[in-house]
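Source file: work_0.cif. Holds: mmCIF, C-alpha atoms and all ligand atoms; chains and numbers go by the auth columns.
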data_data
loop_
_atom_site.group_PDB
_atom_site.id
_atom_site.type_symbol
_atom_site.label_atom_id
_atom_site.label_comp_id
_atom_site.label_asym_id
_atom_site.label_seq_id
_atom_site.Cartn_x
_atom_site.Cartn_y
_atom_site.Cartn_z
_atom_site.B_iso_or_equiv
_atom_site.auth_seq_id
_atom_site.auth_asym_id
ATOM 1 C CA MET A 1 16.244 -0.973 -12.941 0.00 1 F
ATOM 2 C CA SER A 2 15.259 2.379 -11.466 0.00 2 F
ATOM 3 C CA ASN A 3 17.378 3.936 -8.721 0.00 3 F
ATOM 4 C CA LYS A 4 14.583 5.450 -6.665 0.00 4 F
ATOM 5 C CA VAL A 5 14.129 4.544 -2.992 0.00 5 F
ATOM 6 C CA LYS A 6 12.013 1.372 -2.697 0.00 6 F
ATOM 7 C CA LEU A 7 9.208 1.268 -0.130 0.00 7 F
ATOM 8 C CA MET A 8 9.226 -2.005 1.836 0.00 8 F
ATOM 9 C CA ALA A 9 5.848 -1.868 3.545 0.00 9 F
ATOM 10 C CA ALA A 10 4.282 -4.217 6.092 0.00 10 F
ATOM 11 C CA ASN A 11 0.474 -4.468 6.350 0.00 11 F
ATOM 12 C CA TRP A 12 -0.323 -6.028 9.721 0.00 12 F
ATOM 13 C CA LYS A 13 -4.098 -5.910 9.120 0.00 13 F
ATOM 14 C CA MET A 14 -6.025 -6.999 12.268 0.00 14 F
ATOM 15 C CA PHE A 15 -3.087 -8.830 13.824 0.00 15 F
ATOM 16 C CA LYS A 16 -1.053 -7.976 16.936 0.00 16 F
ATOM 17 C CA THR A 17 -2.003 -6.480 20.283 0.00 17 F
ATOM 18 C CA ARG A 18 0.078 -3.519 21.521 0.00 18 F
ATOM 19 C CA GLU A 19 2.324 -5.921 23.409 0.00 19 F
ATOM 20 C CA GLU A 20 2.841 -8.111 20.322 0.00 20 F
ATOM 21 C CA THR A 21 3.472 -4.980 18.264 0.00 21 F
ATOM 22 C CA ARG A 22 6.162 -3.856 20.711 0.00 22 F
ATOM 23 C CA GLU A 23 7.779 -7.310 20.628 0.00 23 F
ATOM 24 C CA THR A 24 7.782 -7.567 16.835 0.00 24 F
ATOM 25 C CA LEU A 25 9.151 -4.040 16.421 0.00 25 F
ATOM 26 C CA HIS A 26 11.857 -4.802 18.931 0.00 26 F
ATOM 27 C CA ASP A 27 12.816 -8.046 17.104 0.00 27 F
ATOM 28 C CA LEU A 28 12.708 -6.240 13.790 0.00 28 F
ATOM 29 C CA SER A 29 15.021 -3.503 15.005 0.00 29 F
ATOM 30 C CA MET A 30 17.506 -6.185 16.137 0.00 30 F
ATOM 31 C CA LYS A 31 17.364 -7.993 12.802 0.00 31 F
ATOM 32 C CA LEU A 32 17.290 -4.987 10.496 0.00 32 F
ATOM 33 C CA THR A 33 20.898 -4.163 11.032 0.00 33 F
ATOM 34 C CA LYS A 34 21.604 -3.104 7.483 0.00 34 F
ATOM 35 C CA ILE A 35 18.673 -1.594 5.626 0.00 35 F
ATOM 36 C CA PRO A 36 20.046 -0.933 2.137 0.00 36 F
ATOM 37 C CA HIS A 37 20.365 2.850 1.608 0.00 37 F
ATOM 38 C CA ASP A 38 17.915 2.681 -1.298 0.00 38 F
ATOM 39 C CA ARG A 39 15.108 1.155 0.812 0.00 39 F
ATOM 40 C CA LYS A 40 12.628 2.673 3.248 0.00 40 F
ATOM 41 C CA VAL A 41 10.600 0.597 5.735 0.00 41 F
ATOM 42 C CA VAL A 42 6.939 1.508 6.434 0.00 42 F
ATOM 43 C CA ILE A 43 4.748 -0.419 8.928 0.00 43 F
ATOM 44 C CA PHE A 44 0.948 -0.215 8.692 0.00 44 F
ATOM 45 C CA ALA A 45 0.139 -1.350 12.252 0.00 45 F
ATOM 46 C CA PRO A 46 -3.381 -1.861 13.675 0.00 46 F
ATOM 47 C CA PHE A 47 -5.385 1.009 15.267 0.00 47 F
ATOM 48 C CA THR A 48 -4.317 0.462 18.845 0.00 48 F
ATOM 49 C CA ALA A 49 -0.669 0.509 17.853 0.00 49 F
ATOM 50 C CA ILE A 50 -1.002 3.085 15.052 0.00 50 F
ATOM 51 C CA ALA A 51 -3.245 2.859 12.026 0.00 51 F
ATOM 52 C CA GLN A 52 -4.159 1.608 8.556 0.00 52 F
ATOM 53 C CA ASN A 53 -7.400 3.506 8.148 0.00 53 F
ATOM 54 C CA PHE A 54 -9.201 6.777 8.966 0.00 54 F
ATOM 55 C CA TYR A 55 -12.439 8.584 8.216 0.00 55 F
ATOM 56 C CA PRO A 56 -12.235 11.589 5.859 0.00 56 F
ATOM 57 C CA ALA A 57 -13.721 14.309 8.099 0.00 57 F
ATOM 58 C CA ASP A 58 -12.179 16.660 10.681 0.00 58 F
ATOM 59 C CA GLU A 59 -14.529 15.351 13.403 0.00 59 F
ATOM 60 C CA GLY A 60 -18.147 14.288 13.760 0.00 60 F
ATOM 61 C CA ALA A 61 -20.665 11.570 14.510 0.00 61 F
ATOM 62 C CA PHE A 62 -18.838 8.611 12.961 0.00 62 F
ATOM 63 C CA THR A 63 -18.945 5.903 15.623 0.00 63 F
ATOM 64 C CA GLY A 64 -15.929 3.626 15.636 0.00 64 F
ATOM 65 C CA GLU A 65 -13.904 5.733 13.204 0.00 65 F
ATOM 66 C CA VAL A 66 -10.658 7.613 13.724 0.00 66 F
ATOM 67 C CA SER A 67 -9.641 10.999 12.267 0.00 67 F
ATOM 68 C CA LEU A 68 -6.380 12.035 10.637 0.00 68 F
ATOM 69 C CA ALA A 69 -5.776 14.588 13.406 0.00 69 F
ATOM 70 C CA MET A 70 -5.985 11.737 15.947 0.00 70 F
ATOM 71 C CA LEU A 71 -3.496 9.704 13.935 0.00 71 F
ATOM 72 C CA LYS A 72 -1.135 12.647 13.534 0.00 72 F
ATOM 73 C CA GLU A 73 -1.262 13.197 17.286 0.00 73 F
ATOM 74 C CA ILE A 74 0.316 9.765 17.742 0.00 74 F
ATOM 75 C CA GLU A 75 2.839 10.459 14.982 0.00 75 F
ATOM 76 C CA THR A 76 1.400 8.307 12.208 0.00 76 F
ATOM 77 C CA ASP A 77 2.879 9.432 8.939 0.00 77 F
ATOM 78 C CA TRP A 78 1.479 6.982 6.371 0.00 78 F
ATOM 79 C CA VAL A 79 -2.044 5.679 5.781 0.00 79 F
ATOM 80 C CA LEU A 80 -3.390 2.959 3.466 0.00 80 F
ATOM 81 C CA VAL A 81 -6.423 3.727 1.321 0.00 81 F
ATOM 82 C CA GLY A 82 -8.431 1.420 -0.963 0.00 82 F
ATOM 83 C CA HIS A 83 -7.103 -1.919 0.279 0.00 83 F
ATOM 84 C CA SER A 84 -9.153 -4.721 -1.293 0.00 84 F
ATOM 85 C CA GLU A 85 -10.304 -5.852 2.159 0.00 85 F
ATOM 86 C CA ARG A 86 -11.767 -2.361 2.716 0.00 86 F
ATOM 87 C CA ARG A 87 -13.359 -2.390 -0.749 0.00 87 F
ATOM 88 C CA HIS A 88 -14.748 -5.926 -0.589 0.00 88 F
ATOM 89 C CA ILE A 89 -15.362 -6.795 3.073 0.00 89 F
ATOM 90 C CA PHE A 90 -16.353 -3.315 4.270 0.00 90 F
ATOM 91 C CA GLY A 91 -17.979 -2.182 1.029 0.00 91 F
ATOM 92 C CA GLU A 92 -15.935 1.008 0.555 0.00 92 F
ATOM 93 C CA SER A 93 -17.018 2.522 -2.761 0.00 93 F
ATOM 94 C CA LEU A 94 -14.886 4.222 -5.420 0.00 94 F
ATOM 95 C CA GLU A 95 -16.466 7.505 -4.239 0.00 95 F
ATOM 96 C CA LEU A 96 -15.488 6.996 -0.590 0.00 96 F
ATOM 97 C CA ILE A 97 -11.968 5.943 -1.565 0.00 97 F
ATOM 98 C CA GLU A 98 -11.620 9.053 -3.742 0.00 98 F
ATOM 99 C CA LYS A 99 -12.784 11.196 -0.823 0.00 99 F
ATOM 100 C CA LYS A 100 -10.303 9.508 1.518 0.00 100 F
ATOM 101 C CA VAL A 101 -7.288 9.800 -0.747 0.00 101 F
ATOM 102 C CA CYS A 102 -8.009 13.482 -1.512 0.00 102 F
ATOM 103 C CA TYR A 103 -8.614 14.251 2.184 0.00 103 F
ATOM 104 C CA ALA A 104 -5.380 12.542 3.247 0.00 104 F
ATOM 105 C CA ILE A 105 -3.191 14.327 0.701 0.00 105 F
ATOM 106 C CA GLU A 106 -4.860 17.714 1.342 0.00 106 F
ATOM 107 C CA HIS A 107 -4.207 17.235 5.065 0.00 107 F
ATOM 108 C CA GLY A 108 -0.542 16.442 4.600 0.00 108 F
ATOM 109 C CA MET A 109 -0.667 12.681 5.235 0.00 109 F
ATOM 110 C CA ASN A 110 1.507 10.338 3.162 0.00 110 F
ATOM 111 C CA THR A 111 -0.780 7.899 1.398 0.00 111 F
ATOM 112 C CA VAL A 112 -0.550 4.510 -0.293 0.00 112 F
ATOM 113 C CA LEU A 113 -3.515 3.929 -2.618 0.00 113 F
ATOM 114 C CA CYS A 114 -4.178 0.221 -3.267 0.00 114 F
ATOM 115 C CA VAL A 115 -5.629 -0.967 -6.563 0.00 115 F
ATOM 116 C CA GLY A 116 -6.085 -4.377 -8.167 0.00 116 F
ATOM 117 C CA GLU A 117 -8.485 -6.663 -9.996 0.00 117 F
ATOM 118 C CA THR A 118 -10.423 -9.719 -8.808 0.00 118 F
ATOM 119 C CA LEU A 119 -9.905 -13.078 -10.521 0.00 119 F
ATOM 120 C CA GLU A 120 -13.253 -12.698 -12.239 0.00 120 F
ATOM 121 C CA GLU A 121 -12.266 -9.301 -13.643 0.00 121 F
ATOM 122 C CA ARG A 122 -8.905 -10.651 -14.832 0.00 122 F
ATOM 123 C CA GLU A 123 -10.553 -13.600 -16.571 0.00 123 F
ATOM 124 C CA ALA A 124 -13.007 -11.249 -18.268 0.00 124 F
ATOM 125 C CA ASP A 125 -10.021 -9.259 -19.625 0.00 125 F
ATOM 126 C CA LYS A 126 -10.893 -6.189 -17.558 0.00 126 F
ATOM 127 C CA LEU A 127 -7.527 -5.464 -15.938 0.00 127 F
ATOM 128 C CA GLU A 128 -6.968 -2.118 -17.654 0.00 128 F
ATOM 129 C CA LYS A 129 -10.566 -1.022 -17.217 0.00 129 F
ATOM 130 C CA VAL A 130 -10.508 -1.810 -13.473 0.00 130 F
ATOM 131 C CA LEU A 131 -7.178 -0.060 -12.865 0.00 131 F
ATOM 132 C CA LYS A 132 -8.358 3.020 -14.796 0.00 132 F
ATOM 133 C CA ALA A 133 -11.560 3.181 -12.745 0.00 133 F
ATOM 134 C CA GLN A 134 -9.686 2.760 -9.447 0.00 134 F
ATOM 135 C CA LEU A 135 -7.176 5.457 -10.437 0.00 135 F
ATOM 136 C CA GLU A 136 -9.809 7.857 -11.725 0.00 136 F
ATOM 137 C CA CYS A 137 -9.575 9.553 -8.304 0.00 137 F
ATOM 138 C CA LEU A 138 -6.222 10.988 -9.435 0.00 138 F
ATOM 139 C CA SER A 139 -8.081 13.503 -11.589 0.00 139 F
ATOM 140 C CA LYS A 140 -9.468 15.101 -8.392 0.00 140 F
ATOM 141 C CA LEU A 141 -6.253 14.803 -6.407 0.00 141 F
ATOM 142 C CA LYS A 142 -4.070 17.900 -6.020 0.00 142 F
ATOM 143 C CA GLY A 143 -0.608 18.318 -4.555 0.00 143 F
ATOM 144 C CA TYR A 144 0.502 14.705 -4.703 0.00 144 F
ATOM 145 C CA ASP A 145 3.985 13.725 -5.731 0.00 145 F
ATOM 146 C CA ALA A 146 6.651 11.108 -5.116 0.00 146 F
ATOM 147 C CA GLU A 147 7.219 12.403 -1.577 0.00 147 F
ATOM 148 C CA ASN A 148 3.701 11.885 -0.264 0.00 148 F
ATOM 149 C CA PHE A 149 1.972 9.383 -2.517 0.00 149 F
ATOM 150 C CA ALA A 150 2.430 5.816 -3.766 0.00 150 F
ATOM 151 C CA VAL A 151 0.227 3.275 -5.514 0.00 151 F
ATOM 152 C CA ALA A 152 0.186 -0.412 -4.515 0.00 152 F
ATOM 153 C CA TYR A 153 -0.896 -2.856 -7.214 0.00 153 F
ATOM 154 C CA GLU A 154 -2.390 -5.842 -5.392 0.00 154 F
ATOM 155 C CA PRO A 155 -4.273 -8.383 -7.512 0.00 155 F
ATOM 156 C CA VAL A 156 -7.086 -9.519 -5.213 0.00 156 F
ATOM 157 C CA TRP A 157 -6.547 -13.175 -6.179 0.00 157 F
ATOM 158 C CA ALA A 158 -2.957 -12.989 -4.918 0.00 158 F
ATOM 159 C CA ILE A 159 -3.697 -11.491 -1.475 0.00 159 F
ATOM 160 C CA GLY A 160 -3.260 -14.035 1.295 0.00 160 F
ATOM 161 C CA THR A 161 -3.626 -16.928 -1.152 0.00 161 F
ATOM 162 C CA GLY A 162 0.011 -17.889 -1.687 0.00 162 F
ATOM 163 C CA LYS A 163 -0.557 -17.289 -5.445 0.00 163 F
ATOM 164 C CA VAL A 164 1.918 -14.588 -6.331 0.00 164 F
ATOM 165 C CA ALA A 165 1.424 -12.880 -9.709 0.00 165 F
ATOM 166 C CA GLY A 166 4.052 -13.886 -12.282 0.00 166 F
ATOM 167 C CA PRO A 167 6.616 -11.419 -13.653 0.00 167 F
ATOM 168 C CA ALA A 168 4.658 -10.914 -16.897 0.00 168 F
ATOM 169 C CA GLU A 169 1.462 -10.124 -14.999 0.00 169 F
ATOM 170 C CA ILE A 170 3.244 -7.705 -12.672 0.00 170 F
ATOM 171 C CA LEU A 171 5.030 -5.978 -15.554 0.00 171 F
ATOM 172 C CA GLU A 172 1.776 -5.518 -17.450 0.00 172 F
ATOM 173 C CA ALA A 173 -0.208 -4.131 -14.511 0.00 173 F
ATOM 174 C CA HIS A 174 2.589 -1.852 -13.280 0.00 174 F
ATOM 175 C CA GLY A 175 3.041 -0.617 -16.866 0.00 175 F
ATOM 176 C CA ILE A 176 -0.633 0.351 -17.008 0.00 176 F
ATOM 177 C CA VAL A 177 -0.438 2.137 -13.630 0.00 177 F
ATOM 178 C CA ARG A 178 2.707 4.002 -14.739 0.00 178 F
ATOM 179 C CA GLU A 179 1.010 5.120 -17.962 0.00 179 F
ATOM 180 C CA ILE A 180 -1.970 6.457 -16.023 0.00 180 F
ATOM 181 C CA LEU A 181 0.342 8.320 -13.606 0.00 181 F
ATOM 182 C CA GLN A 182 2.296 9.861 -16.480 0.00 182 F
ATOM 183 C CA ASP A 183 -0.885 10.755 -18.239 0.00 183 F
ATOM 184 C CA ARG A 184 -1.984 12.707 -15.138 0.00 184 F
ATOM 185 C CA LEU A 185 1.360 14.135 -14.026 0.00 185 F
ATOM 186 C CA GLY A 186 3.545 14.208 -17.139 0.00 186 F
ATOM 187 C CA ALA A 187 7.186 13.368 -16.535 0.00 187 F
ATOM 188 C CA LYS A 188 6.675 13.577 -12.742 0.00 188 F
ATOM 189 C CA GLY A 189 4.481 10.481 -12.994 0.00 189 F
ATOM 190 C CA ALA A 190 7.674 8.467 -13.465 0.00 190 F
ATOM 191 C CA ASP A 191 8.799 9.342 -9.922 0.00 191 F
ATOM 192 C CA ILE A 192 5.782 7.958 -8.051 0.00 192 F
ATOM 193 C CA ASN A 193 6.477 4.615 -6.334 0.00 193 F
ATOM 194 C CA ILE A 194 4.385 1.669 -7.502 0.00 194 F
ATOM 195 C CA LEU A 195 4.463 -1.157 -4.957 0.00 195 F
ATOM 196 C CA TYR A 196 3.532 -4.765 -5.646 0.00 196 F
ATOM 197 C CA GLY A 197 1.474 -6.655 -3.046 0.00 197 F
ATOM 198 C CA GLY A 198 0.045 -10.170 -2.893 0.00 198 F
ATOM 199 C CA SER A 199 1.823 -13.170 -1.352 0.00 199 F
ATOM 200 C CA VAL A 200 5.234 -11.475 -1.241 0.00 200 F
ATOM 201 C CA LYS A 201 7.716 -13.666 0.656 0.00 201 F
ATOM 202 C CA PRO A 202 11.459 -13.647 1.358 0.00 202 F
ATOM 203 C CA GLU A 203 11.985 -16.112 -1.552 0.00 203 F
ATOM 204 C CA ASN A 204 10.233 -14.066 -4.230 0.00 204 F
ATOM 205 C CA THR A 205 11.088 -10.487 -3.191 0.00 205 F
ATOM 206 C CA ALA A 206 14.366 -10.084 -5.085 0.00 206 F
ATOM 207 C CA GLU A 207 12.796 -11.120 -8.391 0.00 207 F
ATOM 208 C CA ILE A 208 9.715 -8.926 -7.916 0.00 208 F
ATOM 209 C CA ILE A 209 11.612 -5.861 -6.754 0.00 209 F
ATOM 210 C CA GLY A 210 13.976 -6.153 -9.738 0.00 210 F
ATOM 211 C CA LEU A 211 11.162 -5.784 -12.295 0.00 211 F
ATOM 212 C CA ASP A 212 10.602 -2.579 -14.251 0.00 212 F
ATOM 213 C CA ASN A 213 8.210 -0.161 -12.537 0.00 213 F
ATOM 214 C CA VAL A 214 8.270 -2.078 -9.230 0.00 214 F
ATOM 215 C CA ASP A 215 9.340 0.447 -6.602 0.00 215 F
ATOM 216 C CA GLY A 216 8.592 -1.482 -3.448 0.00 216 F
ATOM 217 C CA VAL A 217 6.370 -4.140 -1.907 0.00 217 F
ATOM 218 C CA LEU A 218 3.335 -4.213 0.400 0.00 218 F
ATOM 219 C CA VAL A 219 3.508 -7.336 2.513 0.00 219 F
ATOM 220 C CA GLY A 220 0.752 -8.904 4.602 0.00 220 F
ATOM 221 C CA GLY A 221 1.284 -12.408 6.003 0.00 221 F
ATOM 222 C CA ALA A 222 5.053 -12.526 5.592 0.00 222 F
ATOM 223 C CA SER A 223 5.492 -9.208 7.434 0.00 223 F
ATOM 224 C CA LEU A 224 4.036 -10.509 10.703 0.00 224 F
ATOM 225 C CA GLN A 225 7.231 -12.295 11.748 0.00 225 F
ATOM 226 C CA ALA A 226 10.238 -10.018 12.262 0.00 226 F
ATOM 227 C CA GLU A 227 12.545 -12.633 10.736 0.00 227 F
ATOM 228 C CA SER A 228 10.728 -12.948 7.405 0.00 228 F
ATOM 229 C CA PHE A 229 10.021 -9.203 7.043 0.00 229 F
ATOM 230 C CA ALA A 230 13.685 -8.436 7.799 0.00 230 F
ATOM 231 C CA GLN A 231 14.665 -10.894 5.024 0.00 231 F
ATOM 232 C CA ILE A 232 12.228 -9.188 2.630 0.00 232 F
ATOM 233 C CA VAL A 233 13.574 -5.707 3.385 0.00 233 F
ATOM 234 C CA GLN A 234 17.133 -6.918 2.817 0.00 234 F
ATOM 235 C CA ALA A 235 16.410 -9.259 -0.155 0.00 235 F
HETATM 236 P P1 LIG B . -0.362 -10.905 1.657 0.00 1 D
HETATM 237 O O1 LIG B . -1.215 -9.552 1.812 0.00 1 D
HETATM 238 O O2 LIG B . 1.092 -10.511 1.571 0.00 1 D
HETATM 239 O O3 LIG B . -0.690 -11.708 2.893 0.00 1 D
HETATM 240 O O4 LIG B . -0.836 -11.560 0.390 0.00 1 D
HETATM 241 C C1 LIG B . -0.873 -8.378 1.103 0.00 1 D
HETATM 242 C C2 LIG B . -1.800 -7.243 1.465 0.00 1 D
HETATM 243 O O5 LIG B . -2.977 -7.520 1.754 0.00 1 D
HETATM 244 O O6 LIG B . -1.416 -6.057 1.488 0.00 1 D
#

Would you write out, as structure tokens, the structure that this file holds?
Amino acid sequence: MSNKVKLMAANWKMFKTREETRETLHDLSMKLTKIPHDRKVVIFAPFTAIAQNFYPADEGAFTGEVSLAMLKEIETDWVLVGHSERRHIFGESLELIEKKVCYAIEHGMNTVLCVGETLEEREADKLEKVLKAQLECLSKLKGYDAENFAVAYEPVWAIGTGKVAGPAEILEAHGIVREILQDRLGAKGADINILYGGSVKPENTAEIIGLDNVDGVLVGGASLQAESFAQIVQA
């Protein structure tokens, strides 16, 4: 197992008002009494608390969007790009995601890029093809390294469905992502964190996090309650 710091990330999506955010963070701080020294906790909270999304321009006529400068002003230090809900519900294209990830890194924002195949793509044997296409943006990306960039592999069929990917499926997909990273970055590609996401729970975290090339988790549903996210971080 690798000895790099694991990212234990919570994706709160469109849940929690500011008051609920304050309460959950308070509970979490009471319960997270011993974060293992090799783990780092990241919370992707909703816009009004801090954010999971931004628009890749300094400013302009983009109604309803938020800029990186606005997020930095409220001390946001990580953003999520390419989440399957952004790709599929909001129609974000590969081109827009590439623009966002490049913009974020160039503007000094730590970024988690989410990738993953739909069930249809998996059944058509297109896993590698899909991951390569979603990671093609790396060829345009400059100045990213293990300090400011991570990839989250999230099979779309496992997000919010309770169907966690099995160890063999996770190993295969993370192996492909690692190969692509090493292809782009040489030996430094080994240092980039690859997170697994999709129905992570307190009961399955230890097994998932112990797999080769799994350097953290991105947790949706099970991160909403302080108790279960605290168990995941400490699993
Ligand atoms: P889930 O969501 O843990 O509820 O499956 C994961 C995610 O969407 O990042």

I want to know what sits within 10 Å of F:Ile180, based on only C-alpha atoms, with residues of the same chain fewer than 5 positions away left out; could you give that as an NGL selection string? :F and (131-132 or 135-136 or 138 or 174-175 or 185-186 or 189)

For the selection just defined, write its residues with C-alpha atoms to a file, as an mmCIF file, keeping the file's coordinate frame.
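And here's part.cif as it stands now:
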data_model
loop_
_atom_site.group_PDB
_atom_site.id
_atom_site.type_symbol
_atom_site.label_atom_id
_atom_site.label_comp_id
_atom_site.auth_asym_id
_atom_site.auth_seq_id
_atom_site.Cartn_x
_atom_site.Cartn_y
_atom_site.Cartn_z
ATOM 1 C CA LEU F 131 -7.178 -0.060 -12.865
ATOM 2 C CA LYS F 132 -8.358 3.020 -14.796
ATOM 3 C CA LEU F 135 -7.176 5.457 -10.437
ATOM 4 C CA GLU F 136 -9.809 7.857 -11.725
ATOM 5 C CA LEU F 138 -6.222 10.988 -9.435
ATOM 6 C CA HIS F 174 2.589 -1.852 -13.280
ATOM 7 C CA GLY F 175 3.041 -0.617 -16.866
ATOM 8 C CA LEU F 185 1.360 14.135 -14.026
ATOM 9 C CA GLY F 186 3.545 14.208 -17.139
ATOM 10 C CA GLY F 189 4.481 10.481 -12.994
#

Could you tell me, as a list in words, exactly which residues end up selected when the PyMOL selection byres (((not hetatm)) within 8 of (chain D and resi 1)) is applied to this structure? Ala10, Asn11, Lys13, His83, Ser84, Glu85, Glu154, Ala158, Ile159, Gly160, Thr161, Gly162, Val164, Gly197, Gly198, Ser199, Val200, Lys201, Leu218, Val219, Gly220, Gly221, Ala222 and Ser223 of chain F

Could you list, as JSON, numbers by chain, every residue within 7 Å of F:Val79, counting only C-alpha atoms and ignoring same-chain residues fewer than 2 positions away? {"F": [51, 52, 53, 77, 81, 110, 111, 112]}

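Proximity to F:Ala57 was assessed for F:Leu181, F:Ala69, F:Ile43, F:His26 counting all atoms listed in the file; the smallest distance is recorded for F:Ala69.
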
Name all residues at most 7 Å from F:Asp215 (count all atoms listed in the file; drop same-chain ones fewer than 5 positions away) and give them as a PyMOL selection string. chain F and resi 6-7+193-195+209

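Here the PyMOL selection byres (((chain F and resi 18) around 12) and not hetatm) catches exactly these residues: Met14, Phe15, Lys16, Thr17, Glu19, Glu20, Thr21, Arg22, Glu23, Thr24, Leu25, Ala45, Pro46, Phe47, Thr48, Ala49, Ile50 and Ala51 of chain F.
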
Could you list, as a PDB file with C-alpha atoms, in the frame of the given file, every residue matched by the PyMOL selection byres (((chain F and resi 33) around 12) and not hetatm) in this structure?
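Below you can see selection05.pdb, which holds the result:
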ATOM      1  CA  ASP F  27      12.816  -8.046  17.104  1.00  0.00           C
ATOM      2  CA  LEU F  28      12.708  -6.240  13.790  1.00  0.00           C
ATOM      3  CA  SER F  29      15.021  -3.503  15.005  1.00  0.00           C
ATOM      4  CA  MET F  30      17.506  -6.185  16.137  1.00  0.00           C
ATOM      5  CA  LYS F  31      17.364  -7.993  12.802  1.00  0.00           C
ATOM      6  CA  LEU F  32      17.290  -4.987  10.496  1.00  0.00           C
ATOM      7  CA  LYS F  34      21.604  -3.104   7.483  1.00  0.00           C
ATOM      8  CA  ILE F  35      18.673  -1.594   5.626  1.00  0.00           C
ATOM      9  CA  PRO F  36      20.046  -0.933   2.137  1.00  0.00           C
ATOM     10  CA  HIS F  37      20.365   2.850   1.608  1.00  0.00           C
ATOM     11  CA  GLU F 227      12.545 -12.633  10.736  1.00  0.00           C
ATOM     12  CA  ALA F 230      13.685  -8.436   7.799  1.00  0.00           C
ATOM     13  CA  GLN F 231      14.665 -10.894   5.024  1.00  0.00           C
ATOM     14  CA  VAL F 233      13.574  -5.707   3.385  1.00  0.00           C
ATOM     15  CA  GLN F 234      17.133  -6.918   2.817  1.00  0.00           C
TER      16      GLN F 234
END
